[in-house]
Amino acid sequence: MERIYGKSIYEGIVIAEPYLKGQNNLEIESFSVSEENLEKETERYEHAVQRAKNKLSHLIHDLKGKVSEKDLQILSVHFMMLDDPMFTDEIKISLKKDKINVEEVIKRTVAKYSEAFKKMKNPLYRQRALDIQDIGERLLEALADNESVYDALNGKILIAREILPSELLNIFNKKIDVKGIVMEYVGETSHTAILAKSLEIPTFMGGIDILKKNWGEYLILDTYSEKPVAIADPSTEVLREYKKLQEEFEKEKEEIKETLNLPSVTLDGEKISLEVNAGQEIDKNAFKNVNADGVGLLRTEFIYMEGEKLPEELEQAEIYQKISEKIGEDKPLIIRTLDIGADKSLPYFKMAPEQNPSLGERGIRFTLDKKNILKAQLRAILRASKGKNIKIMHPMVTNIREIEAVLALTETAKEELRAEGVEFNEKIETGIMVEVPSAVLMAEKMCEYIDFFSIGSNDLAQYILATDRFSLRENNLYDYYDPAVLRAINLVAEAALKKGKEIGVCGEMAGEPVGIVILLSFGIKNLSMSNVFIPRARNIVRKVKISDLQEIKKLVLNCKNSEEVRHIVREYIKKL
């Protein structure tokens, strides 16, 4: 028996047979190609590209409405990469030059680009290495006219050095029941980790050379306990112990189902708004099924990234109107203005290369520099706002000068619409995201200009701790439960409550039990998360008393590290 400790990506307690992904890798043979057969080999490649695109297209179509737009965006990026002339031309040139089979050329080209991306200092580009590998596997499968079949994975725990995002989406689409995932560390903010959360698969990251371990007949995966662990070849006694823990965990899941349609109200009567983070499309049934209180974050960048040009004003307005109608016009719909830069870009708009994109032109910095883009979006939001509970939110705000600029532009947009006879909500609220330290320190003064705050805990942690959240090397530093980050969040909460301004959180921690308890202790009553986390969040909310949380607040703000924070809050949750 061996215990392997690591990080929990999605909580659960699972006992099942292990399935090693490494056993299914495609074997690539290398062989020479004669001059007269080179054209035929090029045709094989072109057919493989088309076959891979067709499969991707079908997968995207099948998954529409089943997973979030953000998750589908991964596949859209892969679709575009298959058409990338740099990649395609290099393969064709290598075929003629090296005179070897196309499978070997693809393998070499993928290895070349993948290694180049992995060596780049910017972790955002290192994520591209996985995308390149994903494309390579798709092409090799298409050439072999063989799609990786995971039927043998059904009901088992998947063990792999790394898992490609499209693999997970494919497994989900085929309705294969993956009980859990164990993989070597690839980062909590990687596409794979985010996707595993969305698909609600208990997921564990940690360990070295995991494919060489003796996993035995059964594997215990515990990502629910304070110290997440994968137990290989467990003893009978340990199996018995974990079966009891599993039963308790399942009881809690049943309890969560029972509170699904109940209001999100604490034991002492405080109403907590549980809202969803959303992309361009919202599944009306999924929204109603979790009994969400609204949309706390509409990521409009996906509207811009989907097309081949900037979306028209009327086109945007129609999208916002439809989303508001789907969720209920009385429910809040907070529309974040275009947030690109760093890891997000527009396919039709070339941005200047930067040494560190996370600190460069992104969010409000980009849109204030391109005021025509921002004004068109503001006009679209205003058009959609009549008779609806729509609000405007700006990302990556650093100083009051930026707030003054966006408010002035909003007034200009209002004046233009009035002159055109277009009705809109004259009292539409404007808020900002708190993602950088300067906004934390200036929060009380910023209250004079805005109607509400929304804290982006992911970016805020990144900038306060000076560690890139996409970095694999420094990922042990990135932690939104670090006391420094919690103190920053509390400072903003105190400023907002003092000035009577609404405050919410729309980062990852807003959907986690530990995060929910901490945020409630700070007086934050608007939490926005992935819709899959709302039922669990409601169950936590209905068990606490706000009046009892002041002691928790004192304790967590006095902690010296995030381990202490988690321990204190987990112990409190156990007693609920």
# chains A, B, ... in the order shown; residues from 1 in each chain; ligands from 1
>>> select_by_dssp(residues="region 74-299 of chain A", states="alpha helix (DSSP H)", output="number ranges by chain")
A: 74-81, 85-98, 102-119, 123-143, 165-173, 191-198, 236-258, 284-289
>>> write_last_selection(atoms="C-alpha atoms", output="mmCIF file, in the first residue's frame")
data_model
loop_
_atom_site.group_PDB
_atom_site.id
_atom_site.type_symbol
_atom_site.label_atom_id
_atom_site.label_comp_id
_atom_site.auth_asym_id
_atom_site.auth_seq_id
_atom_site.Cartn_x
_atom_site.Cartn_y
_atom_site.Cartn_z
ATOM 1 C CA ILE A 74 -10.786 25.219 -26.055
ATOM 2 C CA LEU A 75 -12.058 23.130 -28.985
ATOM 3 C CA SER A 76 -12.630 26.236 -31.125
ATOM 4 C CA VAL A 77 -8.978 27.208 -30.623
ATOM 5 C CA HIS A 78 -7.902 23.707 -31.720
ATOM 6 C CA PHE A 79 -10.112 23.990 -34.816
ATOM 7 C CA MET A 80 -8.323 27.228 -35.794
ATOM 8 C CA MET A 81 -4.894 25.691 -35.120
ATOM 9 C CA PRO A 85 -0.504 27.993 -42.161
ATOM 10 C CA MET A 86 2.728 28.024 -40.124
ATOM 11 C CA PHE A 87 2.019 24.552 -38.743
ATOM 12 C CA THR A 88 0.518 23.140 -41.956
ATOM 13 C CA ASP A 89 3.216 24.538 -44.271
ATOM 14 C CA GLU A 90 6.022 23.232 -42.069
ATOM 15 C CA ILE A 91 4.610 19.701 -42.239
ATOM 16 C CA LYS A 92 4.305 19.830 -46.032
ATOM 17 C CA ILE A 93 7.825 21.259 -46.424
ATOM 18 C CA SER A 94 9.256 18.606 -44.081
ATOM 19 C CA LEU A 95 7.529 15.851 -46.067
ATOM 20 C CA LYS A 96 9.305 16.943 -49.277
ATOM 21 C CA LYS A 97 12.617 17.608 -47.581
ATOM 22 C CA ASP A 98 12.933 14.564 -45.305
ATOM 23 C CA VAL A 102 3.580 11.945 -42.544
ATOM 24 C CA GLU A 103 3.022 10.336 -39.113
ATOM 25 C CA GLU A 104 6.704 10.759 -38.269
ATOM 26 C CA VAL A 105 6.708 14.327 -39.657
ATOM 27 C CA ILE A 106 3.731 15.247 -37.461
ATOM 28 C CA LYS A 107 5.389 13.646 -34.436
ATOM 29 C CA ARG A 108 8.604 15.655 -34.999
ATOM 30 C CA THR A 109 6.810 18.924 -35.755
ATOM 31 C CA VAL A 110 4.589 18.612 -32.682
ATOM 32 C CA ALA A 111 7.637 17.823 -30.529
ATOM 33 C CA LYS A 112 9.482 20.857 -31.946
ATOM 34 C CA TYR A 113 6.685 23.369 -31.283
ATOM 35 C CA SER A 114 5.697 21.769 -27.991
ATOM 36 C CA GLU A 115 9.255 21.984 -26.642
ATOM 37 C CA ALA A 116 9.592 25.584 -27.881
ATOM 38 C CA PHE A 117 6.413 26.619 -26.029
ATOM 39 C CA LYS A 118 7.473 24.769 -22.865
ATOM 40 C CA LYS A 119 10.760 26.736 -22.792
ATOM 41 C CA PRO A 123 3.352 30.296 -18.634
ATOM 42 C CA LEU A 124 0.449 31.302 -20.893
ATOM 43 C CA TYR A 125 2.506 30.222 -23.880
ATOM 44 C CA ARG A 126 3.531 27.010 -22.104
ATOM 45 C CA GLN A 127 -0.182 26.118 -21.996
ATOM 46 C CA ARG A 128 -0.017 26.185 -25.805
ATOM 47 C CA ALA A 129 2.318 23.162 -25.645
ATOM 48 C CA LEU A 130 -0.660 21.048 -24.534
ATOM 49 C CA ASP A 131 -2.794 22.485 -27.343
ATOM 50 C CA ILE A 132 -0.124 21.505 -29.886
ATOM 51 C CA GLN A 133 0.052 17.976 -28.428
ATOM 52 C CA ASP A 134 -3.743 17.763 -28.614
ATOM 53 C CA ILE A 135 -3.702 18.703 -32.307
ATOM 54 C CA GLY A 136 -0.931 16.181 -32.983
ATOM 55 C CA GLU A 137 -2.894 13.325 -31.389
ATOM 56 C CA ARG A 138 -6.005 14.262 -33.358
ATOM 57 C CA LEU A 139 -4.086 14.149 -36.635
ATOM 58 C CA LEU A 140 -2.425 10.814 -35.825
ATOM 59 C CA GLU A 141 -5.776 9.276 -34.894
ATOM 60 C CA ALA A 142 -7.265 10.592 -38.148
ATOM 61 C CA LEU A 143 -4.386 9.138 -40.179
ATOM 62 C CA PRO A 165 -8.810 18.929 -22.546
ATOM 63 C CA SER A 166 -10.366 17.536 -25.723
ATOM 64 C CA GLU A 167 -9.915 13.992 -24.367
ATOM 65 C CA LEU A 168 -12.014 14.870 -21.325
ATOM 66 C CA LEU A 169 -14.687 16.486 -23.484
ATOM 67 C CA ASN A 170 -14.722 13.434 -25.755
ATOM 68 C CA ILE A 171 -15.082 11.077 -22.782
ATOM 69 C CA PHE A 172 -17.908 13.225 -21.402
ATOM 70 C CA ASN A 173 -19.653 13.305 -24.783
ATOM 71 C CA HIS A 191 -7.530 23.982 -19.063
ATOM 72 C CA THR A 192 -7.683 20.381 -17.872
ATOM 73 C CA ALA A 193 -8.145 21.322 -14.207
ATOM 74 C CA ILE A 194 -10.846 23.890 -14.979
ATOM 75 C CA LEU A 195 -12.632 21.394 -17.222
ATOM 76 C CA ALA A 196 -12.484 18.610 -14.613
ATOM 77 C CA LYS A 197 -14.223 20.977 -12.172
ATOM 78 C CA SER A 198 -16.891 21.852 -14.723
ATOM 79 C CA THR A 236 -8.650 -4.417 3.604
ATOM 80 C CA GLU A 237 -8.746 -2.286 6.754
ATOM 81 C CA VAL A 238 -8.157 0.978 4.853
ATOM 82 C CA LEU A 239 -10.764 -0.011 2.264
ATOM 83 C CA ARG A 240 -13.291 -0.589 5.040
ATOM 84 C CA GLU A 241 -12.471 2.799 6.601
ATOM 85 C CA TYR A 242 -12.899 4.630 3.300
ATOM 86 C CA LYS A 243 -16.140 2.887 2.463
ATOM 87 C CA LYS A 244 -17.588 4.472 5.624
ATOM 88 C CA LEU A 245 -16.206 7.890 4.635
ATOM 89 C CA GLN A 246 -17.648 7.404 1.155
ATOM 90 C CA GLU A 247 -21.089 6.694 2.637
ATOM 91 C CA GLU A 248 -20.901 9.905 4.689
ATOM 92 C CA PHE A 249 -19.874 11.866 1.592
ATOM 93 C CA GLU A 250 -22.786 10.403 -0.401
ATOM 94 C CA LYS A 251 -25.199 11.338 2.419
ATOM 95 C CA GLU A 252 -23.968 14.909 2.172
ATOM 96 C CA LYS A 253 -24.618 14.861 -1.583
ATOM 97 C CA GLU A 254 -28.196 13.702 -0.921
ATOM 98 C CA GLU A 255 -28.596 16.466 1.635
ATOM 99 C CA ILE A 256 -27.462 18.975 -0.999
ATOM 100 C CA LYS A 257 -30.155 17.696 -3.391
ATOM 101 C CA GLU A 258 -32.817 18.227 -0.729
ATOM 102 C CA LYS A 284 -32.197 28.082 -19.297
ATOM 103 C CA ASN A 285 -32.948 24.661 -17.811
ATOM 104 C CA ALA A 286 -29.512 24.320 -16.197
ATOM 105 C CA PHE A 287 -29.915 27.804 -14.707
ATOM 106 C CA LYS A 288 -33.336 26.950 -13.274
ATOM 107 C CA ASN A 289 -32.240 23.504 -12.103
#
>>> residues_around(residues="Thr398 (chain A)", least_positions_apart="2", cutoff="9 Å", atoms="only C-alpha atoms", output="ChimeraX atom specification")
/A:364-365,396,400-403,434-439
>>> select_by_dssp(residues="region 62-296 of chain A", states="strand (DSSP E or B)", output="PyMOL selection string")
chain A and resi 64+67+100+157-160+180-183+203-205+219-222+229-232+265+271+273-278+295-296
>>> closest_residue(among="A:Asn291, A:Thr337, A:Gln50, A:Thr430", to="Glu275 (chain A)", atoms="only C-alpha atoms")
A:Asn291
>>> atom_distance(atom1="CA of Phe533 (chain A)", atom2="CA of Ile323 (chain A)")
20.3 Å
